Every structure is written in structure tokens, then in C-alpha cells.
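First the structure, in the form of C-alpha cells, and then the observations on it.
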Amino acid sequence: MTRPLHELSRAESSLDLPTQPRRDGELKQTWIYRQLRDRVLAGTLAAGTRLPSTRDLAARWRVSRATVALAYDQLRSEGYLVSRAGSGTFIAAVVPDTLTTARGPRRAGTSATLPGSASMSATASTSTPIAERATRATSGIRALGANEAMTPAVPMTELGRPFVARVADAALFPMDAWRKALADAVRGASAHDLTHGDAMGAASLRAEIAKYLGLSRGIACHADQVLVLSGIRHGLALCGRQLLTGRETVAVEDPSYLHAEPLLARYAKRVVRVPIDAQGLRVDALSAAGDVRLVHVTPAHQSPTGVTMPVSRRLALLRWAADGDRWIVEDDYDSEFSYDSAPLPALKSLDRADRVIHCGSFNKTMFGELRIGYAVLPDALVPSFREARHLTGRANGVIEQLALASFLASGAFARHLRRSRLVYARRRDVVIAALQRALGAGRLHVTGAQAGFHLVWWPPPGFDVARLRELADAAGLVLPWISRMTSRSDLPDGAMLGYTGLGDDAVRAHADTLAQLIERTLGESPGRARSAKRRPRA
């Protein structure tokens with residue numbers, strides 16, 4: 001059992017924390033963060049335990065106080081720690097004592113909350129202001145009828161087009177390094193490589209992916225669990241074919257990634273939309289949705305709102321899956337691009353019951369037409385998924401797979417990510433600054449700016465969204481609106497602003513144009529203003 005919050009002050013404050021050696025190149029604050037997080041997950045630091053002050057721990061571990069403070073801040077933001085004025089810093093009560101070993105700072109003007117919801121805190125429960133408006137946990141859940149899966153009315157991704165440029169900028173890709181990797185693959189490919197491919201994918205690539213995921217996403221997997229695919233949608237479709245019989249109910253987030261519904265609807269009897277709040281998918285609503293066999297989630301950077309699912313909610317979701325022999329498809333579509341702090345480890349890294357299929361893609365990080373993605377499978381699913389891939393054929397060329405293995409092993413991929421993060425963060429800052437200028441102090445509300453290829457701007461109450469749509473269309477700006485991606489009427493409308501696939505000059509020009517249109521909308525007659533909150537669908 002976990003201790004209630006009112007008992008936190010009674011927890012032991014004396015604490016001896018033996019340390020493990022720092023990894024090569026590991027920052028001191030990351031080392032401290034890892035030491036404490038791993039002990040929480042292992043149960044060594046139980047809920048309610050009071051941590052040493054930053055000054056005391058800094059003295060014990062021979063680091064600066066500021067370094068410890070940064071690590072504590074990161075752990076607080078992820079829900080592992082909670083601070084109480086006058087009492088100290090404690091292990092959060094939402095972390096179960098029984099959990100056994102498993103494998104930043106927010107920018108000014110940005111937020112982790114959805115409009116109308118409270119900021120996420122380390123002690124927040126699954127009940128948030130959005131959830132509290134419901135009379136029952138099932139509120140907001142809606143089953144899809146025949147042919148009802150939503151489709152976009154505007155293009156959702158297109159390189160160079162504002163603001164649907166939610167793609168990697170191909171101009172940043174190190175083509176010379178990729179050509180070298182391709183040449184090495186051609187020279188080094190054996191006759192066996194070229195004629196006896198493994199249905200799961202090239203062994204060298206699967207080994208490199210497993211290594212990469214261990215370092216970057218905290219997933220302790222082995223190469224035999226890695227399945228090479230053409231992308232995340234391929235993985236989702238394969239999960240539908242292998243795990244569903246056409247008689248089950250499956251769930252997606254609401255709002256959600258647009259392709260999830262139509263894909264899963266092909267294999268399930270019913271698809272239900274489960275509302276999200278400021279902490280991502282509402283597990284209480286998912287539990288109340290009935291006998292759901294499989295759920296698709298985007299915990300790192302919810303698609304489309306960009307909110308991050310904290311540790312407490314992730315643990316609740318994993319308990320839901322383990323208790324009912326259910327499956328979770330973790331769509332980790334853009335976790336590589338975290339700008340202000342290290343991202344939370346993947347949901348799969350906490351998966352003791354082995355119920356999570358983790359899907360990722362190099363198409364987002366390298367270039368779209370590479371067509372190489374992957375899934376990390378639970379051990380129990382490996383034989384059936386291997387057989388399915390053998391029967392349906394393999395869509396990935398062996399030379400490209402061998403080249404990608406070389407690209408990863410050489411460090412070229414890691415260097416590409418580091419450079420891209422810097423460029424994309426700069427472009428994001430340009431968009432946020434333009435919005436800030438247009439709206440004025442205290443009126444900017446965005447979510448998802450901490451990571452990924454887009455952010456969501458939520459116009460202030462009373463803003464004339466319809467007028468801005470007219471002006472944006474006339475100016476050639478494409479603004480995908482959240483209302484096109486949800487069946488809910490309790491969310492205000494927000495605009496997805498993709499910026500990564502725009503060049504530096506282009507993003508500055510288009511952001512300035514958007515700011516001018518916002519200023520013009522604000523300046524027009526109040527009589528024309530309409531509420532930013534959209535009307536329910538008929």
C-alpha cells in the first residue's frame with residue numbers, strides 16, 4: 001500500500017544512498033536523476049520517504065547543489081517527487097511501494113495543461129477538472145459506427161507548407177554519411193544476407209535498435225524482440241491482425257492520431273474513443289468502457305494535444321492491462337525530439353507484465369520515404385508475429401536495413417538527432433515568440449511545445465476562431481484544428497502548428513503572418529467575436 005499524503009511528513013528523513021558509477025559521457029544531473037528514479041521503481045525508496053535536502057545530498061555525492069536541484073526538478077515534473085512547504089521533498093504517494101524492478105523545466109508562456117484544466121502536479125490523481133465535469137467515468141466515451149472513423153479535411157503533413165510541416169527537414173539530413181552507410185552495406189553484404197533474410201528483419205539492425213532503445217528510451221529488450229517494419233502504421237495494422245478476431249472492442253484516445261481509428265476499425269467489432277485530459281488518456285474512463293482488448297496511446301507527446309502522460313498515469317494504465325490480459329500499443333512517434341529536458345523513459349520501460357507493444361519509426365527522424373520502423377514485442381508474441389511477417393512478405397530492403405545498422409553504430413544517427421533538436425527548438429521558439437507578440441502578456445496558452453514536431457495553440461476565450469480560419473485560408477496558411485480530430489464538445493478548439501519542416505527563414509515569415517492575422521482578428525469588432533469553444537456535433 002502507499003502512504004497517504006498527510007503521512008508524508010512522518011517518513012524517515014535520514015537516508016543513505018549508495019551510488020552506481022556514472023556512465024561514459026553522462027551528465028551529473030542525469031546520473032543523480034537515474035540513481036533516484038531507479039530506486040523508486042525498484043521499491044528501495046518507498047512512497048512517503050523524505051529525501052535529503054539539495055545541500056545535504058550535494059555534500060554526500062560531491063556535486064554542486066544546483067546539479068542536485070536540477071535532478072530534483074526533473075523528478076518532480078515527472079511525478080516521482082512531491083515538495084511540501086516547510087517539510088521537504090518526498091517520494092510521491094502515487095508511486096506504488098510494491099513496484100519491483102523495471103526498466104524540465106517548462107518554457108515561459110507554455111503549459112502542460114489543456115484549456116480549463118489544472119496544471120499537472122506530482123500529487124495529481126486521475127481526476128482532473130475536465131474529468132470532474134463528467135457525472136460518470138464513462139462520460140466522453142463514444143463508440144464509432146460504421147464508416148465513421150474520422151478523416152482529415154486538410155493535409156496533416158507536408159514539407160515546407162505552413163503549418164502542416166510536421167515532418168523532419170530533409171535539408172538537415174547528413175546525406176554524405178548516409179551514402180557512406182549505403183556503400184558500406186553494399187560492399188559488406190554477404191550472399192546469405194541477400195538471399196536468406198530473416199522475417200523479423202536484419203539481425204544487425206535489430207541489435208542496433210535494441211541498443212539504441214536501451215540508451216534513449218530505457219527499454220531493456222533484446223534483438224529477438226525487435227521486429228523491423230515499414231513504419232508505425234504498419235505495426236498498428238499488424239497488431240490488429242494478430243491480436244484481434246473481429247469480435248473485440250478496442251480504444252483510441254480522444255482526440256487521437258487520425259489513422260489509428262480507421263486502421264483498428266478493420267479488425268475490431270467496435271472502436272471507442274476515450275477522452276484525454278492534462279495527463280493523457282484517462283484510465284478511469286478506459287476501465288469504464290467495458291471489455292476493451294487493446295488500446296492505442298501516445299504517452300510521450302499525445303497526438304495531437306502534445307501533453308505528456310506522467311508516471312502515475314502510466315502505472316495505472318499498465319495495471320489496467322495486466323489485470324485484464326489486455327494489450328497496449330505505445331506509439332512513440334516523435335520522442336527523439338525533446339527540447340527542454342530529457343524525456344520520460346518509454347511506457348515499455350515500466351512494463352513488468354509484458355503487455356506493451358512499443359512502436360517507433362526512423363521515417364520521422366531521418367526522411368519520410370526511408371520506410372523503416374520497428375516494434376518491440378512482448379516475448380509471448382514473437383513467434384506469431386514472426387510467422388505473420390513470413391506469410392505476408394517483408395517490405396524492407398536488406399541493403400537499407402544494413403545501411404541503417406551501420407548508420408546507427410557509427411554515431412551518425414545520434415549526431416543527426418543532436419543537430420536537428422537544436423534547429424527545431426530554434427524554430428519552435430520563433431513560433432512561440434510570434435504568438436506572444438500577437439496575444440500579449442499572460443494570454444498565450446500552448447501545449448506540446450516541450451517536444452515533437454508541433455505545438456498546439458489554444459486561443460483565449462471569446463476569440464473568433466472562425467474569422468481566423470478565413471484569414472488563414474486566404475493567406476495560404478493551413479491550420480489543422482483539434483475539432484477535426486475529436487468527437488468531444490467539452491474542449492475548446494486549438495490549432496496544431498507544425499514547424500520542423502519549415503526552413504528558418506520560412507518559419508519566421510509564416511509565424512509573423514500568423515501573428516498579424518491573430519492581431520487583426522483580435523482588433524475586429526467584438527460583435528463578430530464567437531466563442532473559441534465549438535458547438536457539439538449533431
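Residues are named by chain letter and number: chains run A, B, ... in the order of the C-alpha cells, numbers start at 1 in each chain, and ligands are numbered from 1 in the order shown.
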
From a DSSP calculation on the backbone, collect every residue of region 253-377 of chain A in alpha helix (DSSP H) and output the set as a PDB file with C-alpha atoms, in the first residue's frame.
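Everything below was put into selection_12.pdb:
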ATOM      1  CA  ALA A 260      -5.480   4.893 -35.526  1.00  0.00           C
ATOM      2  CA  GLU A 261      -9.269   4.640 -35.772  1.00  0.00           C
ATOM      3  CA  PRO A 262      -9.667   3.526 -39.393  1.00  0.00           C
ATOM      4  CA  LEU A 263      -6.819   1.031 -39.042  1.00  0.00           C
ATOM      5  CA  LEU A 264      -8.157  -0.634 -35.918  1.00  0.00           C
ATOM      6  CA  ALA A 265     -11.761  -0.499 -37.160  1.00  0.00           C
ATOM      7  CA  VAL A 283      -7.533   5.332 -17.372  1.00  0.00           C
ATOM      8  CA  ASP A 284     -10.686   5.616 -15.239  1.00  0.00           C
ATOM      9  CA  ALA A 285     -12.726   6.191 -18.398  1.00  0.00           C
ATOM     10  CA  LEU A 286     -10.896   3.384 -20.186  1.00  0.00           C
ATOM     11  CA  SER A 287     -11.731   0.997 -17.330  1.00  0.00           C
ATOM     12  CA  VAL A 311       4.464   8.252 -14.279  1.00  0.00           C
ATOM     13  CA  SER A 312       1.406   7.851 -12.047  1.00  0.00           C
ATOM     14  CA  ARG A 313      -0.938   7.617 -15.034  1.00  0.00           C
ATOM     15  CA  ARG A 314       1.434   5.258 -16.848  1.00  0.00           C
ATOM     16  CA  LEU A 315       1.477   2.901 -13.899  1.00  0.00           C
ATOM     17  CA  ALA A 316      -2.324   2.959 -13.744  1.00  0.00           C
ATOM     18  CA  LEU A 317      -2.522   2.130 -17.451  1.00  0.00           C
ATOM     19  CA  LEU A 318      -0.090  -0.763 -17.042  1.00  0.00           C
ATOM     20  CA  ARG A 319      -2.147  -2.123 -14.129  1.00  0.00           C
ATOM     21  CA  TRP A 320      -5.259  -1.935 -16.320  1.00  0.00           C
ATOM     22  CA  ALA A 321      -3.547  -4.039 -18.990  1.00  0.00           C
ATOM     23  CA  ALA A 322      -2.045  -6.577 -16.602  1.00  0.00           C
ATOM     24  CA  ASP A 323      -5.266  -7.095 -14.642  1.00  0.00           C
TER      25      ASP A 323
END

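Among the residues of region 161-253 of chain A, backbone DSSP assigns strand (DSSP E or B) to Val164, Val226, Leu227, Val228, Leu229, Thr249, Val250, Ala251, Val252 and Glu253 of chain A.
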
Subject >> Neighbour list for Leu444 (chain A) as a PyMOL selection string, cut-off 9 Å, only C-alpha atoms, skip fewer than 5 positions in-chain >> reply: chain A and resi 109-110+432+435-436+439+457-460

Determine, counting only C-alpha atoms, which protein, DNA and RNA residues have an atom within 9 Å of an atom of Thr249 (chain A); residues of the same chain fewer than 5 positions away are not included. Present the result as a short mmCIF file (atom, residue, chain, number, x, y, z; two decimals) with C-alpha atoms, in the first residue's frame.
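Printed below is part27.cif as written:
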data_model
loop_
_atom_site.label_atom_id
_atom_site.label_comp_id
_atom_site.auth_asym_id
_atom_site.auth_seq_id
_atom_site.Cartn_x
_atom_site.Cartn_y
_atom_site.Cartn_z
CA LEU A 244 -7.97 -9.20 -32.77
CA ALA A 268 -12.33 -4.89 -34.31
CA LYS A 269 -16.06 -5.07 -33.75
CA ARG A 270 -16.11 -1.67 -32.10
CA VAL A 271 -13.75 1.27 -31.58
CA VAL A 272 -14.35 3.53 -28.59
CA GLY A 290 -16.17 -2.26 -20.90
CA ASP A 291 -14.15 -5.19 -22.15
CA VAL A 292 -11.52 -3.38 -24.19
CA ARG A 293 -8.96 -5.77 -25.66
CA LEU A 294 -6.40 -3.27 -26.98
#

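Going from CA of Gly368 (chain A) to CA of Arg484 (chain A) covers 24.0 Å.
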
Original post:
By how many Å are CA of Arg76 (chain A) and CA of Glu26 (chain A) apart?
Top reply: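 About the pair CA of Arg76 (chain A) and CA of Glu26 (chain A): they are 20.4 Å apart.
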